[in-house]
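This report concerns only the one structure given below.
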There are 2 protein chains.
Amino acid sequence: MKVTLTTVAKEARVSPSTVSRILNGTAAVDPEKRKRVQEAIERLGFRPDYAARSLAGGRTSTIGVVTQFIDSPFYGEVLRGIENALRAQHHVPLFVSGHWEVSEERECINLLMDRRVDGIISLNSCLSDAQLLEVADRVPLVVTGRRLKGPRVVSLDYDNVGGAVTAVEHLIELGHQHIAFISGPTSHADARERLGGYMAALGSRAHRNPHLIMEADFTEEGGYKATIELLASKVKFSAILAANDQMAYGARLALHEAGLRVPEDVSLVGFDDLYFSRYTTPPLTSVHHSAQDLGSLASKALLKLIAGEPSDHLLLPTSFVQRSSTGAPAGH
Amino acid sequence: MKVTLTTVAKEARVSPSTVSRILNGTAAVDPEKRKRVQEAIERLGFRPDYAARSLAGGRTSTIGVVTQFIDSPFYGEVLRGIENALRAQHHVPLFVSGHWEVSEERECINLLMDRRVDGIISLNSCLSDAQLLEVADRVPLVVTGRRLKGPRVVSLDYDNVGGAVTAVEHLIELGHQHIAFISGPTSHADARERLGGYMAALGSRAHRNPHLIMEADFTEEGGYKATIELLASKVKFSAILAANDQMAYGARLALHEAGLRVPEDVSLVGFDDLYFSRYTTPPLTSVHHSAQDLGSLASKALLKLIAGEPSDHLLLPTSFVQRSSTGAPAGH
DNA sequence: TTGTATGCGTTATCAT
DNA sequence: ATGATAACGCATACAA
């Protein structure tokens with residue numbers, strides 16, 4: 001009833017091994033037989049069984065991808081890049097979500113290893129470097145959001161420092177003296193880098209003020225609360241740089257509720273340039289980079305790693321997109 | 001070197017089948033042996049091989065999920081619901097994206113069937129009913145966004161008509177006479193239903209005017225363009241109901257660029273109540289439903305279907321969330 | 001209740 | 001270049 005390699009082999013009057021070889025391009029075969037086999041496959045509608053393939057061959061053609069939330073607007077774009085790049089190489093991503101919890105993330109990785117994925121892409125993991133290196137010891141690994149060196153690891157990240165510097169410089173050029181910063185959780189390397197860029201760009205200027213820095217959690221809600229606190233603290237500022245767009249969205253709401261206009265009263269800059277930032281009111285000025293590229297580069301690096309080619313840490317550039325949420329400060 | 005069922009069996013001085021039975025709860029076993037086996041598993045760090053399991057047992061513990069874009073804010077929430085519900089039942093979702101293309105969607109389904117998924121959830125497919133029934137003929141299937149009847153299919157959807165009716169009634173109550181509607185592509189059942197609700201709520205009132213209806217494609221860009229056209233057409237309206245939040249976001253931008261205030265000049269209502277709608281400026285009034293619930297209900301229905309229990313079409317209720325994007329029309 | 005034996009559909013290692 | 005044949009790790013029918 002079921003069509004297997006053997007069925008095809010019989011139909012084409014060759015051995016199962018020959019059929020397998022044709023399917024995988026493992027060895028050269030007589031063009032005549034190849035034709036017979038291909039016709040048989042067509043006629044019978046044969047589809048190879050992945051489970052059998054994995055069991056015999058040890059490969060699953062599946063790449064595990066650990067993300068934090070499957071519905072995150074930022075990671076969503078990354079996943080899209082991964083999906084595309086992988087599909088082109090006949091692999092499929094298996095997405096799992098760690099929800100920013102160390103224990104959940106460990107479970108995710110176990111699940112992926114149980115399923116014998118050929119490799120893992122870990123997006124901004126909250127595991128320690130040591131834990132990740134341990135994982136890399138058992139399966140090829142690509143990580144984002146940090147720099148990690150090891151035998152079977154590739155790390156890649158954006159130029160977070162450079163991006164933040166550009167954003168601050170843009171605001172300074174517009175005439176802003178007091179620039180608030182809503183940071184991501186400083187337990188994360190990329191959050192620290194963006195904060196570092198902000199500090200570096202301000203340098204030793206007089207207008208560098210620790211009260212202007214609020215630590216939040218990269219969510220809309222976090223940005224919202226941070227901004228409310230900022231306003232309540234009465235510290236003087238004419239611009240806000242948020243460490244990601246989602247927090248900028250939250251800040252936008254807090255400003256709106258406080259009756260402050262953007263950019264007339266407060267300029268607002270994000271980081272990530274999510275698709276949606278074109279549609280905020282007003283459209284958001286932001287540090288741009290391609291999340292999709294990150295995903296596709298991560299995929300390609302992993303595939304190389306699996307193939308045995310070594311790779312180095314990759315640093316992706318950022319650019320700057322000025323929209324309507326920034327302008328000169330009042331009275332300038 | 002590698003720890004298999006047999007390794008564990010030897011260590012625990014029982015047969016491989018006994019270990020298998022314990023792992024799967026297939027049959028009752030001596031508590032004494034069960035203990036020995038569990039200790040052996042622990043000690044050896046045994047993890048069953050999914051490929052072998054699938055090959056021998058015919059099940060993969062994997063559910064195929066066909067979505068359109070992995071980074072869609074709406075489907076993202078659905079995927080999250082699916083992920084949660086499935087994980088609780090020790091299944092994992094395999095997400096693939098059809099990109100609103102019939103051919104891609106067919107490829108996705110083929111890919112899933114090649115991998116012998118235990119069942120498929122198809123989110124707002126663009127395949128025909130007949131094509132979907134054909135799929136259901138080969139694998140348990142759950143579809144959303146339409147009503148579909150068949151032996152191994154379950155369909156579920158929101159009460160699109162009811163939701164749209166509520167939204168229009170809300171606007172009428174506020175005093176709006178001329179309500180524009182930005183529709184989704186009418187090739188989709190759910191888009192037609194929302195449009196139908198809008199029409200039904202307006203009934204035979206004089207203020208029903210075909211020029212107030214614009215067809216778009218459920219994207220921000222589509223909503224934006226539709227609104228620009230609407231404004232250019234000079235047709236009179238004081239409120240816009242968009243068939244989904246994403247188009248409402250686009251409409252918001254177009255209104256902003258035209259110098260129109262929301263809600264003072266134009267009231268705006270969305271549909272879906274995406275997470276982000278709380279953060280728009282002003283926060284968006286919208287027809288609410290739980291995308292996560294849709295996902296988890298779809299998952300549960302599928303698992304039941306796989307287990308052989310029949311299910312019926314499910315209609316999920318909507319509610320209404322009034323925020324700040326709606327108000328009385330000018331001069332009211 | 002438990003063990004033995006077979007089969008699942010491939011790939012890979014041998015020969016030839 | 002091609003064909004036997006042996007794994008791959010597990011589930012299950014059957015026997016005990």
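A note on labels: chains of the structure tokens are A, B, ... as shown, every chain counts residues from 1, and ligands are counted from 1 in their shown order.
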
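Residues of chain A lying within 8 Å of chain C, counting only C-alpha atoms (C1' of nucleotides), are Thr4, Leu5, Ser20, Asp49, Ala52, Arg53, Ser54, Leu55, Ala56 and Gly57 of chain A.
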
Hey, list the chain A side of the contact with chain B: 8 Å cut-off, only C-alpha atoms, answer as number ranges by chain. A: 47-52, 54-55, 69-73, 75-77, 79-80, 93-95, 114-116, 220, 249-250, 252-253, 256, 279-282

Given the selection you just returned, output its residues as a file containing C-alpha atoms, formatted as a compact mmCIF listing (two decimals), in the first residue's frame.
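Okay, this is what ended up in part_19.txt:
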# COMPACT_ATOMS: atom_id res chain seq x y z
CA ARG A 47 7.89 10.83 -0.96
CA PRO A 48 10.82 9.91 1.24
CA ASP A 49 10.17 9.39 4.92
CA TYR A 50 12.03 11.89 7.07
CA ALA A 51 11.95 9.79 10.19
CA ALA A 52 13.61 6.89 8.44
CA SER A 54 17.01 10.76 10.18
CA LEU A 55 17.33 7.43 11.87
CA PHE A 69 8.33 35.14 22.28
CA ILE A 70 7.02 33.88 19.00
CA ASP A 71 4.87 37.01 18.64
CA SER A 72 7.59 39.56 19.30
CA PRO A 73 7.65 42.14 16.52
CA TYR A 75 12.16 38.55 16.67
CA GLY A 76 9.33 37.95 14.25
CA GLU A 77 11.33 39.68 11.57
CA LEU A 79 12.41 34.44 12.23
CA ARG A 80 11.25 35.46 8.82
CA PRO A 93 13.30 25.80 11.34
CA LEU A 94 11.73 24.44 14.50
CA PHE A 95 10.76 27.46 16.58
CA ASP A 114 16.00 15.30 21.83
CA ARG A 115 14.72 15.87 18.34
CA ARG A 116 18.27 15.74 17.06
CA GLU A 220 6.13 48.74 25.52
CA TYR A 249 6.09 53.17 21.65
CA GLY A 250 5.42 52.99 25.37
CA ARG A 252 5.02 57.79 23.14
CA LEU A 253 1.87 56.81 24.98
CA HIS A 256 0.54 61.59 24.90
CA TYR A 279 3.03 54.00 11.17
CA THR A 280 3.27 55.56 14.59
CA THR A 281 1.97 59.07 15.13
CA PRO A 282 4.23 60.75 14.30

Can you check which residues of chain D have any atom within 8 Å of chain A? Use only C-alpha atoms (C1' of nucleotides) and format it as number ranges by chain. D: 1-3, 7-9

Residue contacts of Phe271 (chain B) (12 Å, only C-alpha atoms (C1' of nucleotides)) excluding same-chain residues fewer than 2 positions away, as a PyMOL selection string: chain B and resi 74+158-168+181-184+190-191+194-195+198+218+240-249+268-269+273-275+277+284-291+318-322

If you keep C-alpha atoms, can you produce a file of those selected residues as a short mmCIF file (atom, residue, chain, number, x, y, z; two decimals), in the first residue's frame?
data_model
loop_
_atom_site.label_atom_id
_atom_site.label_comp_id
_atom_site.auth_asym_id
_atom_site.auth_seq_id
_atom_site.Cartn_x
_atom_site.Cartn_y
_atom_site.Cartn_z
CA PHE B 74 -2.13 38.97 14.50
CA TYR B 158 -14.66 34.49 15.35
CA ASP B 159 -18.07 36.01 15.26
CA ASN B 160 -17.01 38.46 12.61
CA VAL B 161 -20.49 39.61 11.81
CA GLY B 162 -21.37 40.29 15.42
CA GLY B 163 -18.12 42.14 16.02
CA ALA B 164 -18.61 44.45 13.07
CA VAL B 165 -22.21 45.12 14.03
CA THR B 166 -21.17 46.15 17.53
CA ALA B 167 -18.56 48.51 16.17
CA VAL B 168 -20.97 50.24 13.84
CA PHE B 181 -15.46 50.97 5.96
CA ILE B 182 -12.06 49.68 4.94
CA SER B 183 -12.61 46.08 4.00
CA GLY B 184 -10.22 43.16 3.77
CA ASP B 190 -13.78 36.47 7.21
CA ALA B 191 -13.36 39.71 5.30
CA ARG B 194 -16.96 41.72 8.58
CA LEU B 195 -18.20 43.65 5.61
CA TYR B 198 -21.05 46.58 8.66
CA PHE B 218 -5.51 43.71 5.65
CA ILE B 240 -13.78 54.93 9.76
CA LEU B 241 -14.21 51.31 10.67
CA ALA B 242 -11.29 49.21 9.51
CA ALA B 243 -11.71 45.46 9.10
CA ASN B 244 -8.56 44.91 11.11
CA ASP B 245 -6.25 46.87 13.38
CA GLN B 246 -3.37 46.83 10.97
CA MET B 247 -5.39 48.71 8.37
CA ALA B 248 -6.56 51.05 11.10
CA TYR B 249 -2.91 51.85 11.80
CA LEU B 268 -11.37 55.38 14.08
CA VAL B 269 -12.23 51.81 15.00
CA ASP B 273 -7.53 44.46 19.22
CA LEU B 274 -3.89 43.64 18.73
CA TYR B 275 -1.62 44.05 21.70
CA SER B 277 -3.51 48.98 19.86
CA LEU B 284 -7.36 52.51 19.38
CA THR B 285 -10.96 51.54 19.95
CA SER B 286 -11.33 48.04 18.56
CA VAL B 287 -13.33 44.86 18.38
CA HIS B 288 -11.61 42.51 20.75
CA HIS B 289 -11.16 38.78 20.65
CA SER B 290 -8.42 36.55 21.87
CA ALA B 291 -6.08 35.41 19.17
CA THR B 318 -15.95 39.04 20.32
CA SER B 319 -16.17 41.94 22.72
CA PHE B 320 -15.74 45.64 22.27
CA VAL B 321 -12.99 47.82 23.70
CA GLN B 322 -13.54 51.52 23.69
#

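Interatomic distance, CA of Lys2 (chain A) to CA of Arg21 (chain B): 27.3 Å.
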
Among region 46-261 of chain A, which ones does DSSP assign to alpha helix (DSSP H) (computed from the backbone)? Answer as a ChimeraX atom specification. /A:50-57,73-88,102-114,129-136,160-174,189-202,220-232,245-257

Just-selected residues, C-alpha atoms written as a tab-separated table (two decimals), in the first residue's frame:
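Just written: selection03.tsv:
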chain	number	residue	atom	x	y	z
A	50	TYR	CA	12.03	11.89	7.07
A	51	ALA	CA	11.95	9.79	10.19
A	52	ALA	CA	13.61	6.89	8.44
A	53	ARG	CA	16.08	9.22	6.85
A	54	SER	CA	17.01	10.76	10.18
A	55	LEU	CA	17.33	7.43	11.87
A	56	ALA	CA	19.57	6.01	9.20
A	57	GLY	CA	21.48	9.11	8.26
A	73	PRO	CA	7.65	42.14	16.52
A	74	PHE	CA	11.42	42.26	16.54
A	75	TYR	CA	12.16	38.55	16.67
A	76	GLY	CA	9.33	37.95	14.25
A	77	GLU	CA	11.33	39.68	11.57
A	78	VAL	CA	14.39	37.66	12.47
A	79	LEU	CA	12.41	34.44	12.23
A	80	ARG	CA	11.25	35.46	8.82
A	81	GLY	CA	14.82	35.87	7.68
A	82	ILE	CA	15.71	32.49	9.12
A	83	GLU	CA	12.76	30.81	7.46
A	84	ASN	CA	13.70	32.15	4.05
A	85	ALA	CA	17.38	31.36	4.24
A	86	LEU	CA	16.77	27.87	5.56
A	87	ARG	CA	14.09	26.98	3.07
A	88	ALA	CA	16.47	27.86	0.28
A	102	VAL	CA	16.49	30.48	32.02
A	103	SER	CA	14.69	27.29	32.95
A	104	GLU	CA	12.32	27.44	30.00
A	105	GLU	CA	15.16	28.14	27.68
A	106	ARG	CA	17.02	25.10	28.94
A	107	GLU	CA	13.92	23.02	28.35
A	108	CYS	CA	13.69	24.38	24.84
A	109	ILE	CA	17.24	23.39	24.12
A	110	ASN	CA	16.67	19.93	25.55
A	111	LEU	CA	13.60	19.53	23.40
A	112	LEU	CA	15.60	20.49	20.34
A	113	MET	CA	18.42	18.15	21.17
A	114	ASP	CA	16.00	15.30	21.83
A	129	ASP	CA	28.24	32.22	28.12
A	130	ALA	CA	29.39	29.09	29.91
A	131	GLN	CA	26.01	27.42	29.53
A	132	LEU	CA	25.91	28.23	25.85
A	133	LEU	CA	29.40	26.88	25.30
A	134	GLU	CA	28.25	23.69	26.92
A	135	VAL	CA	25.42	23.48	24.41
A	136	ALA	CA	27.82	24.20	21.58
A	160	ASN	CA	24.80	48.59	19.02
A	161	VAL	CA	27.36	51.09	20.20
A	162	GLY	CA	27.63	52.77	16.83
A	163	GLY	CA	23.87	52.91	16.43
A	164	ALA	CA	23.34	54.57	19.78
A	165	VAL	CA	26.13	57.06	19.13
A	166	THR	CA	24.55	58.09	15.84
A	167	ALA	CA	21.20	58.61	17.51
A	168	VAL	CA	22.61	60.80	20.25
A	169	GLU	CA	24.65	62.81	17.79
A	170	HIS	CA	21.53	63.41	15.74
A	171	LEU	CA	19.78	64.84	18.79
A	172	ILE	CA	22.74	66.97	19.79
A	173	GLU	CA	22.91	68.39	16.32
A	174	LEU	CA	19.27	69.37	16.56
A	189	ALA	CA	24.99	42.46	26.56
A	190	ASP	CA	23.21	44.31	23.79
A	191	ALA	CA	21.38	46.53	26.26
A	192	ARG	CA	24.70	47.39	27.88
A	193	GLU	CA	26.20	48.22	24.52
A	194	ARG	CA	23.40	50.58	23.58
A	195	LEU	CA	23.73	52.30	26.94
A	196	GLY	CA	27.47	52.46	26.39
A	197	GLY	CA	26.95	54.14	23.05
A	198	TYR	CA	24.66	56.71	24.63
A	199	MET	CA	27.22	57.51	27.32
A	200	ALA	CA	30.11	57.60	24.90
A	201	ALA	CA	28.32	60.01	22.60
A	202	LEU	CA	27.56	62.37	25.44
A	220	GLU	CA	6.13	48.74	25.52
A	221	GLU	CA	4.87	48.58	29.07
A	222	GLY	CA	8.38	49.08	30.41
A	223	GLY	CA	8.97	52.11	28.24
A	224	TYR	CA	5.64	53.52	29.30
A	225	LYS	CA	6.37	53.20	33.00
A	226	ALA	CA	9.91	54.50	32.67
A	227	THR	CA	8.64	57.60	30.95
A	228	ILE	CA	6.02	58.22	33.58
A	229	GLU	CA	8.71	58.01	36.23
A	230	LEU	CA	10.93	60.28	34.23
A	231	LEU	CA	8.19	62.88	34.01
A	232	ALA	CA	7.38	62.54	37.69
A	245	ASP	CA	11.33	50.78	19.33
A	246	GLN	CA	8.92	48.93	21.54
A	247	MET	CA	9.93	51.01	24.55
A	248	ALA	CA	9.70	54.10	22.38
A	249	TYR	CA	6.09	53.17	21.65
A	250	GLY	CA	5.42	52.99	25.37
A	251	ALA	CA	7.16	56.32	25.89
A	252	ARG	CA	5.02	57.79	23.14
A	253	LEU	CA	1.87	56.81	24.98
A	254	ALA	CA	3.10	58.24	28.28
A	255	LEU	CA	3.94	61.54	26.59
A	256	HIS	CA	0.54	61.59	24.90
A	257	GLU	CA	-1.23	61.06	28.19

I need the residues of region 86-215 of chain A that end up classed as strand (DSSP E or B) by DSSP on the backbone, written out as a ChimeraX atom specification. /A:92-97,119-122,141-144,153-158,179-183,213-215

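The space separating CA of Val37 (chain B) from CA of Thr7 (chain B) comes to 10.7 Å.
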
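Taking CA of Lys236 (chain B) and CA of Ser204 (chain B) as the two end points, the separation is 18.2 Å.
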